[in-house]
>>> print(open('upload_35.pdb').read())   # PDB, C-alpha atoms
ATOM      1  CA  MET A   1     -41.807  27.673  -0.157
ATOM      2  CA  ASN A   2     -38.999  25.126  -0.202
ATOM      3  CA  ALA A   3     -39.137  23.317  -3.548
ATOM      4  CA  LYS A   4     -38.117  20.053  -1.843
ATOM      5  CA  THR A   5     -40.957  20.145   0.673
ATOM      6  CA  ASP A   6     -44.607  19.407  -0.043
ATOM      7  CA  PRO A   7     -47.113  22.036   1.108
ATOM      8  CA  THR A   8     -48.625  21.111   4.471
ATOM      9  CA  LEU A   9     -52.130  20.999   2.966
ATOM     10  CA  GLN A  10     -52.850  20.077  -0.646
ATOM     11  CA  VAL A  11     -56.338  20.012  -2.168
ATOM     12  CA  VAL A  12     -56.507  18.668  -5.718
ATOM     13  CA  ASP A  13     -59.552  18.799  -8.015
ATOM     14  CA  LEU A  14     -62.004  18.379  -5.154
ATOM     15  CA  THR A  15     -65.561  17.878  -6.422
ATOM     16  CA  ARG A  16     -68.775  17.209  -4.507
ATOM     17  CA  SER A  17     -72.443  17.181  -5.585
ATOM     18  CA  TYR A  18     -75.713  16.890  -3.720
ATOM     19  CA  GLY A  19     -78.064  15.308  -6.232
ATOM     20  CA  SER A  20     -78.021  17.531  -9.298
ATOM     21  CA  PHE A  21     -76.468  20.446  -7.390
ATOM     22  CA  LYS A  22     -72.666  20.704  -7.675
ATOM     23  CA  ALA A  23     -71.468  22.273  -4.426
ATOM     24  CA  LEU A  24     -67.766  22.122  -5.371
ATOM     25  CA  ASP A  25     -66.299  21.892  -8.860
ATOM     26  CA  SER A  26     -62.622  20.869  -9.177
ATOM     27  CA  VAL A  27     -61.339  23.011  -6.294
ATOM     28  CA  SER A  28     -57.539  23.018  -5.942
ATOM     29  CA  PHE A  29     -55.199  24.968  -3.659
ATOM     30  CA  THR A  30     -52.251  24.555  -1.282
ATOM     31  CA  ALA A  31     -51.468  25.997   2.142
ATOM     32  CA  ASP A  32     -48.249  26.045   4.163
ATOM     33  CA  ALA A  33     -47.687  25.727   7.890
ATOM     34  CA  GLY A  34     -47.098  29.064   9.552
ATOM     35  CA  ARG A  35     -49.842  30.819   7.614
ATOM     36  CA  VAL A  36     -53.550  31.461   8.146
ATOM     37  CA  LEU A  37     -55.758  30.896   5.097
ATOM     38  CA  GLY A  38     -58.958  32.948   4.958
ATOM     39  CA  LEU A  39     -61.920  31.273   3.238
ATOM     40  CA  LEU A  40     -64.479  33.682   1.805
ATOM     41  CA  GLY A  41     -67.606  33.226  -0.293
ATOM     42  CA  PRO A  42     -71.332  34.060  -0.413
ATOM     43  CA  ASN A  43     -74.171  31.728   0.584
ATOM     44  CA  GLY A  44     -73.980  28.483  -1.382
ATOM     45  CA  ALA A  45     -70.387  29.070  -2.462
ATOM     46  CA  GLY A  46     -69.252  25.738  -1.000
ATOM     47  CA  LYS A  47     -67.282  26.849   2.069
ATOM     48  CA  THR A  48     -68.862  24.431   4.535
ATOM     49  CA  THR A  49     -68.720  21.570   2.037
ATOM     50  CA  LEU A  50     -65.008  22.240   1.544
ATOM     51  CA  LEU A  51     -64.331  22.236   5.298
ATOM     52  CA  CYS A  52     -66.312  19.026   5.786
ATOM     53  CA  LEU A  53     -64.421  17.326   2.958
ATOM     54  CA  ILE A  54     -61.040  18.315   4.383
ATOM     55  CA  ALA A  55     -62.162  17.176   7.847
ATOM     56  CA  GLY A  56     -63.230  13.794   6.457
ATOM     57  CA  ALA A  57     -66.846  14.271   7.592
ATOM     58  CA  ILE A  58     -67.999  13.597   4.022
ATOM     59  CA  VAL A  59     -66.226  12.047   1.038
ATOM     60  CA  PRO A  60     -65.619  13.735  -2.329
ATOM     61  CA  ASP A  61     -67.064  12.576  -5.618
ATOM     62  CA  ASP A  62     -63.633  13.200  -7.089
ATOM     63  CA  GLY A  63     -60.276  14.670  -6.100
ATOM     64  CA  ARG A  64     -58.021  14.139  -3.110
ATOM     65  CA  ILE A  65     -56.555  15.855  -0.051
ATOM     66  CA  GLY A  66     -52.989  15.594   1.217
ATOM     67  CA  ILE A  67     -51.371  16.595   4.507
ATOM     68  CA  ASP A  68     -47.576  16.567   4.731
ATOM     69  CA  GLY A  69     -47.457  14.475   1.555
ATOM     70  CA  VAL A  70     -49.826  11.804   2.899
ATOM     71  CA  TRP A  71     -53.077  11.431   0.968
ATOM     72  CA  SER A  72     -56.452  10.764   2.592
ATOM     73  CA  LEU A  73     -57.325   7.894   0.244
ATOM     74  CA  ASP A  74     -54.062   6.120   1.081
ATOM     75  CA  GLU A  75     -54.176   6.144   4.883
ATOM     76  CA  GLY A  76     -57.842   5.728   5.809
ATOM     77  CA  PRO A  77     -59.493   6.845   9.088
ATOM     78  CA  GLU A  78     -56.202   7.498  10.929
ATOM     79  CA  TRP A  79     -55.556  10.327   8.507
ATOM     80  CA  ARG A  80     -58.353  12.320  10.193
ATOM     81  CA  THR A  81     -56.268  12.705  13.359
ATOM     82  CA  ARG A  82     -54.123  15.122  11.364
ATOM     83  CA  ILE A  83     -57.066  17.538  11.276
ATOM     84  CA  GLY A  84     -58.792  19.576  13.976
ATOM     85  CA  PHE A  85     -62.263  20.846  13.036
ATOM     86  CA  VAL A  86     -63.950  23.629  15.027
ATOM     87  CA  PRO A  87     -67.531  23.971  13.726
ATOM     88  CA  GLU A  88     -69.649  27.052  14.265
ATOM     89  CA  GLU A  89     -72.158  25.241  16.468
ATOM     90  CA  SER A  90     -71.319  24.301  20.056
ATOM     91  CA  PRO A  91     -70.581  20.664  20.922
ATOM     92  CA  ALA A  92     -73.450  18.483  22.142
ATOM     93  CA  PHE A  93     -71.781  17.474  25.416
ATOM     94  CA  THR A  94     -72.352  20.757  27.236
ATOM     95  CA  HIS A  95     -72.786  19.010  30.624
ATOM     96  CA  MET A  96     -69.089  18.070  30.641
ATOM     97  CA  SER A  97     -66.372  20.163  32.209
ATOM     98  CA  VAL A  98     -63.672  21.562  29.938
ATOM     99  CA  ARG A  99     -61.234  18.867  31.053
ATOM    100  CA  GLU A 100     -63.824  16.077  30.674
ATOM    101  CA  TYR A 101     -64.636  17.263  27.172
ATOM    102  CA  LEU A 102     -60.972  17.248  26.137
ATOM    103  CA  ASP A 103     -60.490  13.835  27.726
ATOM    104  CA  PHE A 104     -63.476  12.521  25.785
ATOM    105  CA  LEU A 105     -62.046  13.820  22.504
ATOM    106  CA  SER A 106     -58.571  12.478  23.216
ATOM    107  CA  GLY A 107     -60.094   9.050  23.788
ATOM    108  CA  VAL A 108     -60.536   8.515  20.056
ATOM    109  CA  THR A 109     -56.757   8.652  19.538
ATOM    110  CA  ASP A 110     -54.309   5.763  19.857
ATOM    111  CA  LEU A 111     -52.357   7.543  22.604
ATOM    112  CA  ASP A 112     -51.822   5.920  25.977
ATOM    113  CA  ARG A 113     -53.228   7.530  29.103
ATOM    114  CA  SER A 114     -50.091   9.482  30.039
ATOM    115  CA  GLU A 115     -49.708  10.904  26.522
ATOM    116  CA  ARG A 116     -53.384  11.883  26.470
ATOM    117  CA  ALA A 117     -52.948  13.703  29.791
ATOM    118  CA  GLU A 118     -49.945  15.603  28.426
ATOM    119  CA  ARG A 119     -51.883  16.637  25.325
ATOM    120  CA  ILE A 120     -54.814  17.825  27.423
ATOM    121  CA  GLU A 121     -52.618  19.925  29.708
ATOM    122  CA  SER A 122     -50.821  21.384  26.691
ATOM    123  CA  ALA A 123     -54.138  22.314  25.024
ATOM    124  CA  LEU A 124     -55.444  23.893  28.246
ATOM    125  CA  THR A 125     -52.291  25.976  28.580
ATOM    126  CA  THR A 126     -52.126  26.985  24.920
ATOM    127  CA  CYS A 127     -55.762  28.136  24.912
ATOM    128  CA  SER A 128     -55.563  29.801  28.374
ATOM    129  CA  LEU A 129     -58.173  27.458  29.855
ATOM    130  CA  THR A 130     -56.353  26.174  32.950
ATOM    131  CA  ASP A 131     -58.356  28.374  35.329
ATOM    132  CA  VAL A 132     -61.706  27.100  33.968
ATOM    133  CA  ALA A 133     -60.691  23.487  33.319
ATOM    134  CA  GLU A 134     -63.134  22.090  35.902
ATOM    135  CA  ARG A 135     -66.023  24.350  34.890
ATOM    136  CA  ARG A 136     -68.893  22.888  32.871
ATOM    137  CA  TYR A 137     -69.018  23.962  29.249
ATOM    138  CA  GLU A 138     -72.584  25.258  29.525
ATOM    139  CA  HIS A 139     -71.478  27.727  32.219
ATOM    140  CA  LEU A 140     -68.702  29.285  30.133
ATOM    141  CA  SER A 141     -68.778  32.609  28.294
ATOM    142  CA  LYS A 142     -68.892  32.554  24.500
ATOM    143  CA  GLY A 143     -65.184  33.397  24.323
ATOM    144  CA  TYR A 144     -64.182  30.498  26.589
ATOM    145  CA  ARG A 145     -66.477  28.151  24.661
ATOM    146  CA  ARG A 146     -64.623  29.010  21.455
ATOM    147  CA  ARG A 147     -61.315  28.402  23.192
ATOM    148  CA  THR A 148     -62.564  25.049  24.482
ATOM    149  CA  CYS A 149     -63.555  23.944  20.981
ATOM    150  CA  LEU A 150     -60.162  25.044  19.709
ATOM    151  CA  ALA A 151     -58.413  23.139  22.504
ATOM    152  CA  GLY A 152     -60.398  20.078  21.434
ATOM    153  CA  ALA A 153     -58.867  20.378  17.979
ATOM    154  CA  LEU A 154     -55.369  20.355  19.499
ATOM    155  CA  VAL A 155     -55.489  17.157  21.554
ATOM    156  CA  SER A 156     -54.816  15.045  18.453
ATOM    157  CA  ASN A 157     -51.813  17.268  17.618
ATOM    158  CA  ALA A 158     -53.509  18.227  14.339
ATOM    159  CA  ARG A 159     -51.441  19.674  11.508
ATOM    160  CA  VAL A 160     -54.443  21.440   9.949
ATOM    161  CA  ILE A 161     -56.977  23.420  12.018
ATOM    162  CA  LEU A 162     -60.331  24.241  10.373
ATOM    163  CA  LEU A 163     -62.314  27.122  11.884
ATOM    164  CA  ASP A 164     -65.905  27.686  10.730
ATOM    165  CA  GLU A 165     -67.143  31.177  11.695
ATOM    166  CA  PRO A 166     -64.952  31.114  14.830
ATOM    167  CA  THR A 167     -65.570  34.719  15.907
ATOM    168  CA  SER A 168     -69.354  34.686  15.454
ATOM    169  CA  GLY A 169     -71.013  36.215  18.511
ATOM    170  CA  LEU A 170     -67.790  37.368  20.161
ATOM    171  CA  ASP A 171     -67.356  40.930  21.413
ATOM    172  CA  PRO A 172     -64.472  43.048  20.031
ATOM    173  CA  GLN A 173     -62.066  42.164  22.863
ATOM    174  CA  GLN A 174     -62.883  38.446  22.576
ATOM    175  CA  LYS A 175     -62.295  38.632  18.827
ATOM    176  CA  GLU A 176     -58.927  40.282  19.349
ATOM    177  CA  ASP A 177     -57.889  37.673  21.928
ATOM    178  CA  PHE A 178     -59.072  34.797  19.746
ATOM    179  CA  SER A 179     -57.291  36.169  16.665
ATOM    180  CA  ARG A 180     -54.068  36.435  18.662
ATOM    181  CA  LEU A 181     -54.466  32.795  19.704
ATOM    182  CA  VAL A 182     -55.053  31.744  16.091
ATOM    183  CA  ARG A 183     -51.825  33.457  15.049
ATOM    184  CA  THR A 184     -49.966  31.524  17.757
ATOM    185  CA  LEU A 185     -51.402  28.196  16.578
ATOM    186  CA  ALA A 186     -50.356  28.932  13.000
ATOM    187  CA  ASP A 187     -46.678  28.901  13.963
ATOM    188  CA  ASN A 188     -46.370  25.221  13.033
ATOM    189  CA  ARG A 189     -49.742  24.402  11.506
ATOM    190  CA  VAL A 190     -52.085  25.426   8.722
ATOM    191  CA  VAL A 191     -55.141  27.293  10.004
ATOM    192  CA  VAL A 192     -58.127  27.653   7.659
ATOM    193  CA  PHE A 193     -60.329  30.522   8.874
ATOM    194  CA  SER A 194     -63.762  30.540   7.230
ATOM    195  CA  SER A 195     -65.845  33.635   7.892
ATOM    196  CA  HIS A 196     -68.403  35.936   6.304
ATOM    197  CA  ASN A 197     -66.946  38.848   8.293
ATOM    198  CA  ILE A 198     -64.344  40.533   6.090
ATOM    199  CA  PRO A 199     -62.702  42.643   8.852
ATOM    200  CA  ASP A 200     -62.075  39.430  10.828
ATOM    201  CA  ILE A 201     -60.424  37.850   7.771
ATOM    202  CA  GLU A 202     -58.298  40.946   7.149
ATOM    203  CA  GLY A 203     -57.154  41.057  10.755
ATOM    204  CA  VAL A 204     -55.733  37.546  11.001
ATOM    205  CA  CYS A 205     -55.198  35.936   7.580
ATOM    206  CA  ASP A 206     -52.035  35.794   5.461
ATOM    207  CA  ASP A 207     -53.683  34.240   2.409
ATOM    208  CA  ILE A 208     -57.178  34.359   0.912
ATOM    209  CA  LEU A 209     -59.241  31.791  -1.002
ATOM    210  CA  VAL A 210     -62.476  33.139  -2.520
ATOM    211  CA  LEU A 211     -65.158  30.643  -3.551
ATOM    212  CA  ASN A 212     -68.149  31.458  -5.732
ATOM    213  CA  LYS A 213     -70.692  28.917  -7.003
ATOM    214  CA  GLY A 214     -68.430  26.027  -6.059
ATOM    215  CA  SER A 215     -65.305  27.265  -7.843
ATOM    216  CA  VAL A 216     -62.170  29.140  -6.779
ATOM    217  CA  VAL A 217     -62.348  32.657  -8.224
ATOM    218  CA  ALA A 218     -59.251  34.044  -6.462
ATOM    219  CA  SER A 219     -56.442  32.794  -4.268
ATOM    220  CA  GLY A 220     -53.121  34.126  -3.045
ATOM    221  CA  SER A 221     -51.535  36.262  -0.368
ATOM    222  CA  VAL A 222     -53.428  39.296   0.875
ATOM    223  CA  ASP A 223     -50.682  41.599  -0.440
ATOM    224  CA  ASP A 224     -50.773  40.031  -3.902
ATOM    225  CA  LEU A 225     -54.552  40.115  -4.200
ATOM    226  CA  LEU A 226     -55.051  43.684  -3.031
ATOM    227  CA  THR A 227     -53.505  45.716  -5.809
ATOM    228  CA  VAL A 228     -52.066  49.188  -5.353
ATOM    229  CA  ASP A 229     -53.509  52.077  -7.371
ATOM    230  CA  ASN A 230     -50.602  54.490  -7.861
ATOM    231  CA  ARG A 231     -52.917  57.153  -9.295
ATOM    232  CA  ILE A 232     -54.582  57.816  -5.924
ATOM    233  CA  LEU A 233     -52.569  59.282  -3.063
ATOM    234  CA  PHE A 234     -53.740  59.748   0.527
ATOM    235  CA  LEU A 235     -52.120  62.572   2.469
ATOM    236  CA  THR A 236     -52.903  62.876   6.192
ATOM    237  CA  ILE A 237     -52.079  66.151   7.946
ATOM    238  CA  ASP A 238     -51.633  66.513  11.712
ATOM    239  CA  LEU A 239     -53.905  69.378  12.784
ATOM    240  CA  THR A 240     -52.820  69.525  16.429
ATOM    241  CA  GLY A 241     -53.232  73.189  17.401
ATOM    242  CA  ARG A 242     -54.090  74.153  13.807
ATOM    243  CA  LYS A 243     -57.156  74.805  11.679
ATOM    244  CA  PRO A 244     -58.113  72.531   8.743
ATOM    245  CA  LEU A 245     -56.663  73.471   5.375
ATOM    246  CA  GLU A 246     -58.890  75.891   3.494
ATOM    247  CA  ASP A 247     -60.275  75.148   0.028
ATOM    248  CA  SER A 248     -58.265  78.024  -1.425
ATOM    249  CA  LEU A 249     -55.015  76.352  -0.317
ATOM    250  CA  LEU A 250     -56.113  72.914  -1.529
ATOM    251  CA  LYS A 251     -56.761  74.402  -4.969
ATOM    252  CA  GLN A 252     -53.082  75.400  -5.112
ATOM    253  CA  ALA A 253     -51.953  71.772  -4.724
ATOM    254  CA  PRO A 254     -50.022  70.304  -7.672
ATOM    255  CA  PHE A 255     -52.710  67.643  -8.237
ATOM    256  CA  PRO A 256     -56.532  67.615  -8.136
ATOM    257  CA  VAL A 257     -58.196  66.938  -4.768
ATOM    258  CA  ARG A 258     -60.776  64.148  -4.939
ATOM    259  CA  SER A 259     -61.919  64.438  -1.312
ATOM    260  CA  SER A 260     -60.997  66.010   2.008
ATOM    261  CA  SER A 261     -62.228  65.047   5.464
ATOM    262  CA  VAL A 262     -61.386  65.957   9.061
ATOM    263  CA  ARG A 263     -61.412  63.445  11.904
ATOM    264  CA  GLY A 264     -60.359  64.679  15.308
ATOM    265  CA  GLU A 265     -56.997  66.370  14.902
ATOM    266  CA  GLU A 266     -56.243  64.921  11.469
ATOM    267  CA  GLN A 267     -57.228  65.950   7.961
ATOM    268  CA  ARG A 268     -57.126  63.323   5.226
ATOM    269  CA  ILE A 269     -56.868  64.547   1.636
ATOM    270  CA  GLU A 270     -57.252  62.272  -1.367
ATOM    271  CA  PHE A 271     -55.370  63.382  -4.491
ATOM    272  CA  VAL A 272     -55.567  62.144  -8.073
ATOM    273  CA  LEU A 273     -52.052  62.102  -9.478
ATOM    274  CA  GLU A 274     -51.635  62.975 -13.137
ATOM    275  CA  ALA A 275     -49.840  60.456 -15.361
ATOM    276  CA  GLU A 276     -46.577  62.383 -15.245
ATOM    277  CA  GLY A 277     -46.981  63.431 -11.626
ATOM    278  CA  ARG A 278     -44.665  62.438  -8.846
ATOM    279  CA  GLN A 279     -45.235  62.170  -5.094
ATOM    280  CA  GLN A 280     -42.248  64.420  -4.425
ATOM    281  CA  GLU A 281     -44.123  67.403  -5.858
ATOM    282  CA  LEU A 282     -46.937  66.885  -3.382
ATOM    283  CA  ILE A 283     -44.524  66.537  -0.473
ATOM    284  CA  ALA A 284     -42.728  69.746  -1.521
ATOM    285  CA  TRP A 285     -46.053  71.601  -1.624
ATOM    286  CA  ALA A 286     -47.002  70.352   1.852
ATOM    287  CA  VAL A 287     -43.617  71.279   3.349
ATOM    288  CA  ALA A 288     -43.681  74.702   1.730
ATOM    289  CA  ASN A 289     -47.030  75.365   3.419
ATOM    290  CA  ASP A 290     -45.800  74.222   6.838
ATOM    291  CA  MET A 291     -47.976  71.086   6.967
ATOM    292  CA  GLN A 292     -47.171  68.302   9.442
ATOM    293  CA  ILE A 293     -47.461  65.089   7.402
ATOM    294  CA  SER A 294     -48.490  62.074   9.521
ATOM    295  CA  GLU A 295     -49.125  59.660   6.628
ATOM    296  CA  LEU A 296     -48.605  59.490   2.880
ATOM    297  CA  ARG A 297     -49.641  56.377   0.991
ATOM    298  CA  THR A 298     -51.081  55.122  -2.276
ATOM    299  CA  ALA A 299     -54.561  53.622  -2.421
ATOM    300  CA  ARG A 300     -54.955  49.887  -2.002
ATOM    301  CA  GLU A 301     -58.073  48.033  -3.113
ATOM    302  CA  SER A 302     -59.933  46.823  -0.048
ATOM    303  CA  LEU A 303     -60.794  43.179   0.521
ATOM    304  CA  ALA A 304     -64.470  44.131   0.506
ATOM    305  CA  GLU A 305     -64.100  45.713  -2.944
ATOM    306  CA  LEU A 306     -62.216  42.672  -4.225
ATOM    307  CA  TYR A 307     -64.880  40.356  -2.828
ATOM    308  CA  ARG A 308     -67.719  42.310  -4.411
ATOM    309  CA  GLY A 309     -65.981  42.337  -7.775
ATOM    310  CA  LEU A 310     -65.353  38.576  -7.731
ATOM    311  CA  THR A 311     -68.720  37.405  -6.410
ATOM    312  CA  GLY A 312     -71.135  40.133  -7.494
ATOM    313  CA  GLN A 313     -72.174  40.759  -3.892
ATOM    314  CA  GLN A 314     -73.663  44.207  -3.418
ATOM    315  CA  ASN A 315     -72.743  44.369   0.256
ATOM    316  CA  ALA A 316     -69.736  42.270   1.144
ATOM    317  CA  ASP A 317     -69.932  43.116   4.828
ATOM    318  CA  LYS A 318     -73.358  41.442   5.050
ATOM    319  CA  ALA A 319     -72.447  38.227   3.283
ATOM    320  CA  GLY A 320     -74.456  35.501   5.027
ATOM    321  CA  LYS A 321     -73.313  32.640   7.200
ATOM    322  CA  GLU A 322     -75.461  29.872   5.745
ATOM    323  CA  ASP A 323     -73.619  27.756   3.263
ATOM    324  CA  LEU A 324     -73.332  24.389   1.579
TER
END
>>> encode(input="upload_35.pdb", output="structure tokens")
Amino acid sequence: MNAKTDPTLQVVDLTRSYGSFKALDSVSFTADAGRVLGLLGPNGAGKTTLLCLIAGAIVPDDGRIGIDGVWSLDEGPEWRTRIGFVPEESPAFTHMSVREYLDFLSGVTDLDRSERAERIESALTTCSLTDVAERRYEHLSKGYRRRTCLAGALVSNARVILLDEPTSGLDPQQKEDFSRLVRTLADNRVVVFSSHNIPDIEGVCDDILVLNKGSVVASGSVDDLLTVDNRILFLTIDLTGRKPLEDSLLKQAPFPVRSSSVRGEEQRIEFVLEAEGRQQELIAWAVANDMQISELRTARESLAELYRGLTGQQNADKAGKEDL
């Protein structure tokens, strides 16, 4: 990050309570344009409250939010045009066509009619909606509905896009297409991608923010947060036209075998390296036994494991969608 440039999004000591329940407690983080920030947390962690605060739908008890160095408390309602919010639920105006819906949303801006039309056409093109622009929202597939909501967030030329469970209910191909679109939008914006589905977060996000009980328990780039364990080494052997390695041969390896499994024409072997051991010894053993190595890598803690350790969730993949 350029030291002379403010982060695109700055959240400082954001606090919000509902009666005696503190949904967020002094949450602070920054996010830069060009990156997708994944927001994770169990039920009640404060994810939805955080998104609503950034969007300006509710006001904080304390703290402030800045976009491009401009603070929400300084600029008032116009500041909200810097943000595009795509909630999980569908919009209420389902009887409108895609174009009518975007025109309705653009009407809350200060743009003149020609500028609004340009923004609408740009959003339709960016989100690949031109062919369905005259179709009513209620007649669209789930994938096109998500794209329409995302296009609605673009008509104000928002600098920060907030996505709340954006891939919920999409099939695998729709998820892949939507994730590719999100990456495109992040070229010159901040995208905050809130989801309970860890594989979706892993597939699209550059950075992770983990909330638990209203507080930030981890934040940083995916690479920084997922630590490498140099003691565990995964060796994958290409078995094309060959039989799996026998136990007698595995016992001759320079390091203990923790597990071995065969999938299709590949055999994956997990080794535990001794403190003084080196990967070169394992490679030499494999080459000496005429093994075709297709992959050799050290173990990396998974995002699911990290999430469980930080939040105490027994099954990270089933973390719920309901939130405060």
>>> resolve_selection(input="upload_35.pdb", expression="the PyMOL selection byres ((chain A and resi 16) around 12)", output="MDAnalysis selection string")
chainID A and resid 13:15 17:27 46:54 58:64 214:215 324
>>> resolve_selection(input="upload_35.pdb", expression="the PyMOL selection byres ((chain A and resi 88) around 8)", output="list in words")
Val86, Pro87, Glu89, Ser90, Leu163, Asp164, Glu165, Pro166 and Ser168 of chain A
>>> closest_atom_pairs(input="upload_35.pdb", of="region 14-111 of chain A", to="region 132-140 of chain A", cutoff="7 Å", atoms="only C-alpha atoms", output="tab-separated table")
residue	atom	partner	partner_atom	distance
A:Thr94	CA	A:Tyr137	CA	5.0
A:His95	CA	A:Arg136	CA	5.9
A:Met96	CA	A:Arg136	CA	5.3
A:Ser97	CA	A:Arg136	CA	3.8
A:Val98	CA	A:Ala133	CA	4.9
A:Arg99	CA	A:Ala133	CA	5.2
>>> write_last_selection(input="upload_35.pdb", atoms="C-alpha atoms", output="CSV table (one decimal), keeping the file's coordinate frame")
chain,number,residue,atom,x,y,z
A,94,THR,CA,-72.4,20.8,27.2
A,95,HIS,CA,-72.8,19.0,30.6
A,96,MET,CA,-69.1,18.1,30.6
A,97,SER,CA,-66.4,20.2,32.2
A,98,VAL,CA,-63.7,21.6,29.9
A,99,ARG,CA,-61.2,18.9,31.1
>>> atom_distance(input="upload_35.pdb", atom1="CA of Leu102 (chain A)", atom2="CA of Ala158 (chain A)")
14.0 Å
>>> atom_distance(input="upload_35.pdb", atom1="CA of Leu150 (chain A)", atom2="CA of Trp71 (chain A)")
24.2 Å
>>> atom_distance(input="upload_35.pdb", atom1="CA of Arg231 (chain A)", atom2="CA of Leu273 (chain A)")
5.0 Å
>>> closest_residue(input="upload_35.pdb", among="A:Glu115, A:Leu40, A:Leu9, A:Ala45", to="Ile67 (chain A)", atoms="all atoms listed in the file")
A:Leu9
>>> closest_residue(input="upload_35.pdb", among="A:Gln267, A:Thr125, A:Ser248, A:Ser302", to="Leu225 (chain A)", atoms="only C-alpha atoms")
A:Ser302
>>> resolve_selection(input="upload_35.pdb", expression="the PyMOL selection byres ((chain A and resi 127) around 8)", output="list of chain:residue names")
A:Ala123, A:Leu124, A:Thr125, A:Thr126, A:Ser128, A:Leu129, A:Arg147, A:Thr148, A:Leu150, A:Ala151, A:Leu181
>>> closest_residue(input="upload_35.pdb", among="A:Ile283, A:Leu239, A:Leu211, A:Ser294", to="Gly44 (chain A)", atoms="only C-alpha atoms")
A:Leu211
>>> residues_near_point(input="upload_35.pdb", point="(-64.8, 42.2, -4.9)", cutoff="12 Å", atoms="only C-alpha atoms", output="PyMOL selection string")
chain A and resi 40-42+198+210-212+217-218+225-227+301-317+319
>>> axis_aligned_box(input="upload_35.pdb", around="region 184-199 of chain A", padding_each_side="5 Å", output="AutoDock Vina command-line options")
--center_x -57.4 --center_y 33.5 --center_z 11.9 --size_x 32.0 --size_y 28.2 --size_z 21.7
>>> residues_around(input="upload_35.pdb", residues="Asp290 (chain A)", least_positions_apart="4", cutoff="12 Å", atoms="all atoms listed in the file", output="VMD selection string")
chain A and resid 237 to 239 242 245 249 283 to 286
>>> residues_around(input="upload_35.pdb", residues="Arg180 (chain A)", least_positions_apart="2", cutoff="12 Å", atoms="all atoms listed in the file", output="short mmCIF file (atom, residue, chain, number, x, y, z; two decimals) with C-alpha atoms, keeping the file's coordinate frame")
data_model
loop_
_atom_site.label_atom_id
_atom_site.label_comp_id
_atom_site.auth_asym_id
_atom_site.auth_seq_id
_atom_site.Cartn_x
_atom_site.Cartn_y
_atom_site.Cartn_z
CA VAL A 36 -53.55 31.46 8.15
CA THR A 126 -52.13 26.98 24.92
CA CYS A 127 -55.76 28.14 24.91
CA SER A 128 -55.56 29.80 28.37
CA ARG A 147 -61.32 28.40 23.19
CA THR A 167 -65.57 34.72 15.91
CA GLN A 173 -62.07 42.16 22.86
CA GLN A 174 -62.88 38.45 22.58
CA LYS A 175 -62.30 38.63 18.83
CA GLU A 176 -58.93 40.28 19.35
CA ASP A 177 -57.89 37.67 21.93
CA PHE A 178 -59.07 34.80 19.75
CA VAL A 182 -55.05 31.74 16.09
CA ARG A 183 -51.82 33.46 15.05
CA THR A 184 -49.97 31.52 17.76
CA LEU A 185 -51.40 28.20 16.58
CA ALA A 186 -50.36 28.93 13.00
CA ASP A 187 -46.68 28.90 13.96
CA ASP A 200 -62.08 39.43 10.83
CA GLY A 203 -57.15 41.06 10.76
CA VAL A 204 -55.73 37.55 11.00
CA CYS A 205 -55.20 35.94 7.58
#
>>> decode(input="upload_35.pdb", residues="region 243-253 of chain A", atoms="N, CA and C atoms", output="PDB file, in the first residue's frame")
ATOM      1  N   LYS A 243       0.957 -49.628 -10.866  1.00  0.00           N
ATOM      2  CA  LYS A 243       0.230 -50.036  -9.669  1.00  0.00           C
ATOM      3  C   LYS A 243       0.596 -49.101  -8.509  1.00  0.00           C
ATOM      4  N   PRO A 244      -0.306 -48.953  -7.522  1.00  0.00           N
ATOM      5  CA  PRO A 244       0.021 -48.137  -6.344  1.00  0.00           C
ATOM      6  C   PRO A 244       1.250 -48.670  -5.620  1.00  0.00           C
ATOM      7  N   LEU A 245       1.956 -47.774  -4.956  1.00  0.00           N
ATOM      8  CA  LEU A 245       3.148 -48.178  -4.210  1.00  0.00           C
ATOM      9  C   LEU A 245       2.756 -49.121  -3.072  1.00  0.00           C
ATOM     10  N   GLU A 246       3.521 -50.179  -2.913  1.00  0.00           N
ATOM     11  CA  GLU A 246       3.226 -51.149  -1.861  1.00  0.00           C
ATOM     12  C   GLU A 246       3.737 -50.662  -0.510  1.00  0.00           C
ATOM     13  N   ASP A 247       3.138 -51.189   0.556  1.00  0.00           N
ATOM     14  CA  ASP A 247       3.521 -50.783   1.916  1.00  0.00           C
ATOM     15  C   ASP A 247       4.996 -51.057   2.184  1.00  0.00           C
ATOM     16  N   SER A 248       5.501 -52.148   1.613  1.00  0.00           N
ATOM     17  CA  SER A 248       6.906 -52.504   1.849  1.00  0.00           C
ATOM     18  C   SER A 248       7.844 -51.427   1.302  1.00  0.00           C
ATOM     19  N   LEU A 249       7.474 -50.816   0.168  1.00  0.00           N
ATOM     20  CA  LEU A 249       8.294 -49.751  -0.407  1.00  0.00           C
ATOM     21  C   LEU A 249       8.145 -48.459   0.398  1.00  0.00           C
ATOM     22  N   LEU A 250       6.921 -48.176   0.839  1.00  0.00           N
ATOM     23  CA  LEU A 250       6.697 -46.965   1.639  1.00  0.00           C
ATOM     24  C   LEU A 250       7.488 -47.010   2.945  1.00  0.00           C
ATOM     25  N   LYS A 251       7.660 -48.223   3.488  1.00  0.00           N
ATOM     26  CA  LYS A 251       8.415 -48.344   4.740  1.00  0.00           C
ATOM     27  C   LYS A 251       9.903 -48.041   4.542  1.00  0.00           C
ATOM     28  N   GLN A 252      10.364 -48.073   3.293  1.00  0.00           N
ATOM     29  CA  GLN A 252      11.765 -47.771   3.009  1.00  0.00           C
ATOM     30  C   GLN A 252      12.011 -46.277   2.798  1.00  0.00           C
ATOM     31  N   ALA A 253      10.934 -45.477   2.842  1.00  0.00           N
ATOM     32  CA  ALA A 253      11.079 -44.032   2.643  1.00  0.00           C
ATOM     33  C   ALA A 253      11.908 -43.425   3.767  1.00  0.00           C
TER      34      ALA A 253
END
